[in-house]
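Reproduced below: query.tsv, with TSV, C-alpha atoms.
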```tsv
chain	number	residue	atom	x	y	z
A	1	MET	CA	-1.69	58.79	-11.49
A	2	LYS	CA	-4.99	57.01	-11.14
A	3	LYS	CA	-3.56	54.79	-8.45
A	4	PRO	CA	-3.22	51.06	-9.21
A	5	LEU	CA	-5.53	49.06	-6.98
A	6	VAL	CA	-4.91	45.95	-4.92
A	7	GLY	CA	-5.74	42.55	-6.38
A	8	ALA	CA	-8.56	41.81	-3.95
A	9	LEU	CA	-11.02	43.87	-5.97
A	10	PHE	CA	-9.99	41.95	-9.07
A	11	THR	CA	-12.07	38.99	-7.89
A	12	VAL	CA	-15.12	40.96	-9.01
A	13	LEU	CA	-14.02	40.36	-12.57
A	14	LEU	CA	-12.88	36.80	-12.09
A	15	LEU	CA	-16.31	35.90	-10.74
A	16	GLY	CA	-17.93	37.60	-13.71
A	17	ALA	CA	-19.98	39.93	-11.54
A	18	GLY	CA	-22.05	42.42	-13.46
A	19	ILE	CA	-22.11	45.09	-10.75
A	20	ALA	CA	-19.06	47.03	-9.63
A	21	PRO	CA	-18.48	47.78	-5.93
A	22	ALA	CA	-20.53	50.65	-4.57
A	23	THR	CA	-17.53	52.97	-4.57
A	24	ALA	CA	-17.34	52.64	-8.35
A	25	ALA	CA	-21.06	53.07	-8.91
A	26	THR	CA	-21.00	56.82	-8.28
A	27	GLY	CA	-19.85	59.62	-10.55
A	28	HIS	CA	-21.04	61.26	-13.70
A	29	ASP	CA	-21.51	59.24	-16.88
A	30	ALA	CA	-22.55	61.84	-19.42
A	31	ALA	CA	-24.17	60.61	-22.61
A	32	ALA	CA	-22.00	60.96	-25.70
A	33	THR	CA	-23.92	61.97	-28.77
A	34	GLY	CA	-21.18	62.87	-31.24
A	35	THR	CA	-23.75	63.32	-34.04
A	36	VAL	CA	-22.49	64.96	-37.23
A	37	LYS	CA	-24.86	66.48	-39.78
A	38	ALA	CA	-23.99	66.39	-43.45
A	39	GLN	CA	-24.02	69.73	-45.27
A	40	ILE	CA	-26.62	68.62	-47.79
A	41	GLN	CA	-30.41	68.48	-48.01
A	42	PRO	CA	-32.05	66.54	-46.60
A	43	LYS	CA	-29.85	66.50	-43.53
A	44	VAL	CA	-28.54	63.06	-42.74
A	45	GLN	CA	-27.30	62.08	-39.31
A	46	ILE	CA	-24.17	59.94	-39.14
A	47	LYS	CA	-24.47	57.61	-36.21
A	48	PRO	CA	-21.26	57.08	-34.19
A	49	LYS	CA	-20.07	53.55	-33.63
A	50	ALA	CA	-21.32	52.04	-30.39
A	51	VAL	CA	-18.57	51.91	-27.79
A	52	ASN	CA	-18.55	48.79	-25.61
A	53	PHE	CA	-16.13	46.65	-23.61
A	54	ALA	CA	-15.10	44.22	-26.37
A	55	GLY	CA	-11.32	44.05	-26.56
A	56	THR	CA	-10.70	45.69	-23.21
A	57	VAL	CA	-8.91	43.82	-20.44
A	58	ALA	CA	-8.60	43.93	-16.69
A	59	LEU	CA	-5.18	43.79	-15.05
A	60	SER	CA	-4.69	42.97	-11.38
A	61	ASN	CA	-4.51	46.69	-10.58
A	62	CYS	CA	-5.46	48.61	-13.73
A	63	SER	CA	-7.34	48.61	-17.02
A	64	GLY	CA	-6.09	48.00	-20.55
A	65	SER	CA	-7.00	46.88	-24.06
A	66	VAL	CA	-5.91	44.53	-26.82
A	67	VAL	CA	-4.68	46.83	-29.58
A	68	ARG	CA	-3.36	46.67	-33.11
A	69	THR	CA	-1.86	49.07	-35.62
A	70	PRO	CA	-3.36	49.46	-39.11
A	71	ASP	CA	-0.55	47.22	-40.39
A	72	SER	CA	-0.83	44.46	-37.77
A	73	GLN	CA	-1.54	41.04	-39.29
A	74	PRO	CA	-3.88	38.30	-37.97
A	75	ASP	CA	-0.94	35.99	-37.21
A	76	ASP	CA	1.06	38.64	-35.34
A	77	PRO	CA	1.35	38.23	-31.57
A	78	ALA	CA	-1.32	40.45	-30.04
A	79	LEU	CA	-0.48	43.51	-27.94
A	80	VAL	CA	-2.06	44.88	-24.75
A	81	LEU	CA	-1.88	48.61	-23.99
A	82	SER	CA	-1.95	50.05	-20.47
A	83	ASN	CA	-0.01	52.64	-18.43
A	84	GLY	CA	3.66	52.61	-17.53
A	85	HIS	CA	2.69	53.07	-13.89
A	86	CYS	CA	0.63	49.86	-14.09
A	87	MET	CA	3.61	47.59	-14.80
A	88	GLU	CA	4.21	44.78	-12.31
A	89	SER	CA	7.78	46.02	-11.86
A	90	GLY	CA	6.53	49.27	-10.34
A	91	PHE	CA	6.75	52.89	-11.48
A	92	PRO	CA	9.70	53.43	-13.84
A	93	GLY	CA	11.77	56.43	-12.80
A	94	PRO	CA	12.17	59.59	-14.87
A	95	GLY	CA	14.23	58.75	-17.93
A	96	GLU	CA	13.74	54.98	-17.50
A	97	VAL	CA	12.49	52.85	-20.37
A	98	VAL	CA	11.57	49.17	-20.05
A	99	PHE	CA	12.18	47.45	-23.37
A	100	ASP	CA	11.76	43.84	-24.49
A	101	GLN	CA	11.66	42.39	-20.96
A	102	PRO	CA	10.15	38.96	-20.14
A	103	SER	CA	6.73	38.95	-18.45
A	104	THR	CA	4.10	36.34	-17.64
A	105	ARG	CA	1.42	38.80	-16.60
A	106	SER	CA	-2.19	37.72	-17.12
A	107	PHE	CA	-5.16	39.76	-18.34
A	108	THR	CA	-8.89	39.06	-18.21
A	109	LEU	CA	-10.42	39.64	-21.65
A	110	LEU	CA	-13.88	41.21	-21.71
A	111	ASN	CA	-16.67	40.87	-24.24
A	112	ALA	CA	-19.00	43.64	-25.40
A	113	ALA	CA	-21.18	43.31	-22.29
A	114	GLY	CA	-18.21	43.55	-19.94
A	115	SER	CA	-18.12	39.89	-18.94
A	116	GLY	CA	-14.77	38.15	-18.53
A	117	VAL	CA	-14.52	35.49	-21.23
A	118	GLY	CA	-10.95	34.26	-20.91
A	119	THR	CA	-7.42	34.83	-19.70
A	120	LEU	CA	-4.64	36.18	-21.91
A	121	ARG	CA	-0.98	35.97	-20.92
A	122	ALA	CA	2.02	38.11	-21.76
A	123	SER	CA	5.30	36.81	-23.08
A	124	LYS	CA	7.08	40.13	-22.50
A	125	ILE	CA	6.80	43.83	-21.83
A	126	ALA	CA	7.55	45.09	-25.31
A	127	TYR	CA	7.77	48.72	-24.15
A	128	GLY	CA	7.08	50.74	-21.02
A	129	THR	CA	7.90	54.19	-19.70
A	130	MET	CA	6.65	57.14	-17.68
A	131	THR	CA	8.92	59.62	-19.46
A	132	ASP	CA	7.18	62.03	-21.90
A	133	THR	CA	4.20	59.66	-21.82
A	134	ASP	CA	2.77	56.98	-19.51
A	135	ILE	CA	2.40	53.73	-21.44
A	136	SER	CA	3.11	50.02	-21.27
A	137	VAL	CA	2.67	47.63	-24.18
A	138	TYR	CA	2.71	43.88	-23.51
A	139	GLN	CA	3.21	41.24	-26.19
A	140	LEU	CA	0.93	38.23	-25.70
A	141	THR	CA	1.45	34.53	-26.25
A	142	ARG	CA	-1.55	34.44	-28.61
A	143	THR	CA	-2.09	36.01	-32.01
A	144	TYR	CA	-5.00	38.21	-33.00
A	145	ALA	CA	-6.41	35.35	-35.07
A	146	GLN	CA	-6.24	32.96	-32.12
A	147	ILE	CA	-8.00	35.43	-29.83
A	148	GLU	CA	-10.73	36.08	-32.38
A	149	SER	CA	-11.16	32.35	-33.05
A	150	SER	CA	-11.45	31.54	-29.32
A	151	TYR	CA	-13.56	34.47	-28.16
A	152	GLY	CA	-14.95	36.23	-31.24
A	153	ILE	CA	-13.28	39.46	-30.13
A	154	LYS	CA	-11.21	41.76	-32.32
A	155	ALA	CA	-8.46	44.10	-31.17
A	156	LEU	CA	-9.04	47.84	-30.96
A	157	GLU	CA	-7.15	49.83	-33.58
A	158	LEU	CA	-4.74	52.61	-32.65
A	159	ASN	CA	-5.50	55.83	-34.49
A	160	THR	CA	-2.57	57.21	-36.47
A	161	ALA	CA	-3.39	60.92	-36.14
A	162	HIS	CA	-3.23	63.44	-33.30
A	163	PRO	CA	-6.53	63.72	-31.38
A	164	VAL	CA	-8.78	66.69	-32.14
A	165	GLN	CA	-10.16	69.16	-29.61
A	166	GLY	CA	-13.89	68.76	-29.07
A	167	THR	CA	-13.98	65.10	-30.12
A	168	ALA	CA	-16.57	62.99	-28.30
A	169	ILE	CA	-14.72	60.21	-26.47
A	170	THR	CA	-15.37	57.31	-24.13
A	171	VAL	CA	-12.94	56.04	-21.49
A	172	VAL	CA	-13.56	52.29	-21.13
A	173	SER	CA	-12.37	50.71	-17.88
A	174	GLY	CA	-11.97	46.94	-17.99
A	175	TYR	CA	-11.11	46.88	-14.30
A	176	TRP	CA	-14.40	48.42	-13.17
A	177	LYS	CA	-16.45	47.43	-16.24
A	178	ARG	CA	-17.53	51.03	-16.45
A	179	THR	CA	-17.41	53.75	-19.10
A	180	TYR	CA	-16.96	57.52	-18.89
A	181	ALA	CA	-18.23	59.75	-21.69
A	182	CYS	CA	-17.01	63.30	-22.32
A	183	ASN	CA	-15.06	65.32	-24.88
A	184	VAL	CA	-11.46	66.28	-25.54
A	185	ASP	CA	-11.27	69.65	-23.80
A	186	GLY	CA	-7.77	70.49	-25.03
A	187	PHE	CA	-4.10	69.61	-24.86
A	188	VAL	CA	-1.47	70.30	-22.22
A	189	TYR	CA	2.03	71.36	-23.29
A	190	ARG	CA	3.57	69.76	-20.21
A	191	LEU	CA	1.72	67.84	-17.50
A	192	LYS	CA	3.82	67.50	-14.33
A	193	GLU	CA	3.07	65.06	-11.52
A	194	GLY	CA	5.62	64.46	-8.80
A	195	ALA	CA	8.87	63.35	-10.47
A	196	TRP	CA	7.31	62.81	-13.91
A	197	THR	CA	6.60	65.07	-16.87
A	198	TRP	CA	4.34	64.17	-19.81
A	199	LYS	CA	4.18	65.97	-23.15
A	200	ASP	CA	1.10	67.05	-25.10
A	201	SER	CA	-1.40	65.34	-22.80
A	202	VAL	CA	-5.14	65.12	-23.44
A	203	ARG	CA	-7.37	67.01	-21.00
A	204	TYR	CA	-10.94	65.79	-20.63
A	205	THR	CA	-14.01	67.90	-20.08
A	206	SER	CA	-15.30	67.58	-16.51
A	207	ALA	CA	-17.81	64.80	-17.28
A	208	CYS	CA	-15.06	62.15	-17.27
A	209	GLN	CA	-14.64	61.66	-13.52
A	210	THR	CA	-12.30	58.67	-13.72
A	211	ILE	CA	-11.16	56.92	-10.54
A	212	GLY	CA	-8.41	54.64	-9.28
A	213	GLY	CA	-8.31	51.43	-11.33
A	214	THR	CA	-9.21	53.22	-14.55
A	215	SER	CA	-5.51	53.72	-15.27
A	216	GLY	CA	-4.65	52.23	-18.64
A	217	SER	CA	-8.19	52.43	-20.01
A	218	PRO	CA	-8.38	53.05	-23.75
A	219	VAL	CA	-9.78	56.43	-24.73
A	220	ILE	CA	-11.97	55.76	-27.76
A	221	ASP	CA	-13.10	58.22	-30.41
A	222	ASN	CA	-16.85	57.65	-30.53
A	223	ALA	CA	-17.07	58.41	-34.25
A	224	THR	CA	-14.38	55.96	-35.41
A	225	GLY	CA	-14.14	53.41	-32.60
A	226	LYS	CA	-10.35	53.85	-32.62
A	227	VAL	CA	-8.05	54.38	-29.64
A	228	VAL	CA	-6.73	57.95	-29.46
A	229	ALA	CA	-5.25	57.96	-25.96
A	230	VAL	CA	-4.75	55.99	-22.76
A	231	ASN	CA	-6.25	57.26	-19.48
A	232	ASN	CA	-3.65	57.93	-16.79
A	233	THR	CA	-4.21	60.63	-14.17
A	234	GLY	CA	-6.23	63.45	-12.61
A	235	ASN	CA	-5.90	66.20	-10.03
A	236	GLU	CA	-7.63	64.85	-6.93
A	237	ASP	CA	-7.02	67.41	-4.18
A	238	GLY	CA	-6.16	70.68	-5.90
A	239	GLN	CA	-2.49	70.43	-4.96
A	240	ARG	CA	0.20	71.73	-7.29
A	241	CYS	CA	2.29	69.22	-9.27
A	242	THR	CA	2.32	66.53	-6.55
A	243	ASP	CA	1.58	62.80	-6.80
A	244	ASN	CA	-2.07	62.35	-7.84
A	245	ASN	CA	-2.30	66.11	-8.38
A	246	PRO	CA	-0.81	66.90	-11.77
A	247	CYS	CA	-0.46	70.50	-12.88
A	248	GLU	CA	-0.43	72.02	-16.34
A	249	VAL	CA	2.62	73.95	-17.50
A	250	ASP	CA	2.47	76.07	-20.67
A	251	GLU	CA	5.29	77.05	-23.05
A	252	SER	CA	6.07	80.11	-20.90
A	253	GLY	CA	6.30	78.11	-17.68
A	254	ASN	CA	2.96	79.27	-16.29
A	255	VAL	CA	1.34	76.69	-14.01
A	256	THR	CA	-2.38	75.93	-13.89
A	257	VAL	CA	-4.06	73.59	-11.38
A	258	ARG	CA	-7.46	72.13	-12.27
A	259	GLN	CA	-8.87	70.16	-9.36
A	260	GLY	CA	-11.19	67.34	-10.43
A	261	ILE	CA	-9.99	67.35	-14.04
A	262	ASN	CA	-8.55	64.19	-15.56
A	263	TYR	CA	-6.06	63.44	-18.31
A	264	ALA	CA	-4.80	60.89	-20.82
A	265	GLN	CA	-1.71	60.28	-22.93
A	266	GLU	CA	-1.93	60.29	-26.72
A	267	THR	CA	-1.26	56.99	-28.48
A	268	TYR	CA	-0.79	57.88	-32.16
A	269	GLY	CA	2.97	58.15	-31.54
A	270	ILE	CA	3.14	54.44	-30.70
A	271	VAL	CA	2.21	53.39	-34.24
A	272	PRO	CA	5.43	54.42	-36.06
A	273	CYS	CA	7.47	52.47	-33.50
A	274	ILE	CA	5.87	49.10	-34.34
A	275	GLY	CA	7.14	47.23	-37.36
A	276	THR	CA	6.72	43.86	-39.03
A	277	GLY	CA	5.45	41.14	-36.75
A	278	ASN	CA	4.25	43.76	-34.20
A	279	LYS	CA	7.83	44.15	-33.05
A	280	PHE	CA	8.88	47.43	-31.44
A	281	ASP	CA	11.70	49.11	-33.35
A	282	LEU	CA	12.59	52.47	-31.84
A	283	SER	CA	14.84	53.32	-34.79
A	284	ARG	CA	11.97	53.31	-37.30
A	285	PRO	CA	11.25	56.59	-39.15
A	286	GLY	CA	8.80	58.74	-37.21
A	287	CYS	CA	9.29	56.91	-33.92
A	288	ALA	CA	9.79	59.52	-31.20
A	289	LEU	CA	9.20	57.40	-28.08
A	290	PRO	CA	11.95	57.69	-25.45
A	291	LYS	CA	14.72	55.14	-25.92
A	292	PRO	CA	16.44	53.02	-23.24
```
Here is a file; write its structure as structure tokens.
Amino acid sequence: MKKPLVGALFTVLLLGAGIAPATAATGHDAAATGTVKAQIQPKVQIKPKAVNFAGTVALSNCSGSVVRTPDSQPDDPALVLSNGHCMESGFPGPGEVVFDQPSTRSFTLLNAAGSGVGTLRASKIAYGTMTDTDISVYQLTRTYAQIESSYGIKALELNTAHPVQGTAITVVSGYWKRTYACNVDGFVYRLKEGAWTWKDSVRYTSACQTIGGTSGSPVIDNATGKVVAVNNTGNEDGQRCTDNNPCEVDESGNVTVRQGINYAQETYGIVPCIGTGNKFDLSRPGCALPKP
């Protein structure tokens, strides 16, 4: 996992600083073009939507984002997406699912420029797990309409379809106020890290050199502006299937280690599990998330 960080660094955000610590100022931020040319004459370039920090949040130890499904309503309680390993209760064990549990966790909401504009608070952890995927979804005390009225910021929309190989993406870290641009390199049948196994994970191209604190960052499709995955881990030291060194396992059981390569968990599977009023219902048709 992209290790959760201690709260001391979080003061950078609370003070509204525009410059991240020096340790976060290094790395490779490749430019994302994502330009598509129409198959007509004259050729017309379709400009991707600009990706910025609006709607992202900073947790005390991780990154996250305010998200909605296509069916979410303005008066629904808003949701925040992050990683399961970012929950304040600690890493859930293999097979463990946190469902509908009270929480008062706070989140710093960022605007397009990456400045903290307000504090949002959870009412509960609606769903969290590190089994098959690595996600946490918090329900907030405010609705989407209230957040937009107070801060002029809309939630990011969860895409409903499986990500596509080659897609230009941006990983947006609210913790560091930093973005990482690359492409979807491919998909991993099983990604194993320590005691945990994740299914059908997204592998980035090498340009996305995410670091600790970027856990929970939304992975945004540059062309649509929608969330297609949530950043969660990378192989740091070249070790095989150990903590902070995930390995890829194919359908035949063959293991591949890719040092320096980072990964995310798809989010389209969350959408069928959210019903009226933004309430998680794991019995809904199409919902395949692990159950408690």
Please list, as a list in words, the residues that have an atom at most 6 Å away from (-14.7, 61.3, -32.6) in the coordinates of this file, counting all atoms listed in the file.
Thr167, Ala168, Asp221, Asn222 and Ala223 of chain A
Just C-alpha atoms for this one: save the residues we selected as an mmCIF file, in the frame of the given file.
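So the final result, stored in again.cif, reads:
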```cif
data_model
loop_
_atom_site.group_PDB
_atom_site.id
_atom_site.type_symbol
_atom_site.label_atom_id
_atom_site.label_comp_id
_atom_site.auth_asym_id
_atom_site.auth_seq_id
_atom_site.Cartn_x
_atom_site.Cartn_y
_atom_site.Cartn_z
ATOM 1 C CA THR A 167 -13.980 65.100 -30.120
ATOM 2 C CA ALA A 168 -16.570 62.990 -28.300
ATOM 3 C CA ASP A 221 -13.100 58.220 -30.410
ATOM 4 C CA ASN A 222 -16.850 57.650 -30.530
ATOM 5 C CA ALA A 223 -17.070 58.410 -34.250
#
```
Could you work out an axis-aligned bounding box for all listed atoms of region 257-268 of chain A, with 6 Å added on each of the six sides, and give its centre and edge lengths in Å to one decimal, as AutoDock Vina command-line options?
```
--center_x -6.0 --center_y 65.3 --center_z -20.8 --size_x 22.4 --size_y 28.6 --size_z 34.8
```
Find, counting all atoms listed in the file, the residue in A:Asp132, A:Glu251, A:Asp71, A:Glu148 that gets nearest to Trp198 (chain A).
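Nearest candidate to Trp198 (chain A) out of A:Asp132, A:Glu251, A:Asp71, A:Glu148: A:Asp132.
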Could you give me, as a ChimeraX atom specification, the residues within 10 Å of Thr205 (chain A), counting all atoms listed in the file and dropping anything in the same chain fewer than 5 positions from it?
/A:166,168,181-186,261-263
Do a neighbour search on region 85-99 of chain A at 9 Å with all atoms listed in the file, toss out local chain neighbours closer than 3 positions, and write the hits as a ChimeraX atom specification.
/A:1,3-4,59,61-63,82,103,105,124-132,134-136,195-197,215-216,232,280,290-292
Given all atoms listed in the file as the counted atoms, nearest of A:Arg142, A:Arg240, A:Lys177, A:Lys226 to Val57 (chain A):
A:Lys177
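You can rank A:Leu158, A:Val137, A:Val66, A:Leu120 by their closest distance to Val227 (chain A) using only C-alpha atoms, and at the top of that list sits A:Leu158.
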Counting all atoms listed in the file, find the residues whose atoms lie at most 9 Å from (-16.6, 54.1, -19.2) (file coordinates) and write them out as an NGL selection string.
:A and (29 or 52-53 or 170-174 or 176-181 or 208 or 210 or 214 or 217)
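Distance-wise, CA of Leu191 (chain A) and CA of Glu248 (chain A) end up 4.8 Å apart.
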Taking all atoms listed in the file into account, which of A:Thr133, A:Ile169, A:Gln139, A:Ile220 comes nearest Gly55 (chain A)?
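With all atoms listed in the file as the atom set, the closest residue is A:Ile220.
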In Å, rounded to a single decimal, give me how far CA of Leu289 (chain A) is from CA of Thr160 (chain A).
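Pair CA of Thr160 (chain A) / CA of Leu289 (chain A) returns 14.5 Å.
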Selected residue, from A:Thr256, A:Thr224, A:Asn278, A:Gln265, that lies nearest to Arg68 (chain A) when counting all atoms listed in the file
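Using all atoms listed in the file, the shortest distance to Arg68 (chain A) belongs to A:Asn278.
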CA of Thr267 (chain A) to CA of Ile153 (chain A): how many Å, to one decimal?
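These atoms are spaced 21.3 Å apart.
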Using all atoms listed in the file: which of A:Gln209, A:Val255, A:Ala122, A:Pro272 has the shortest distance to Glu236 (chain A):
A:Gln209
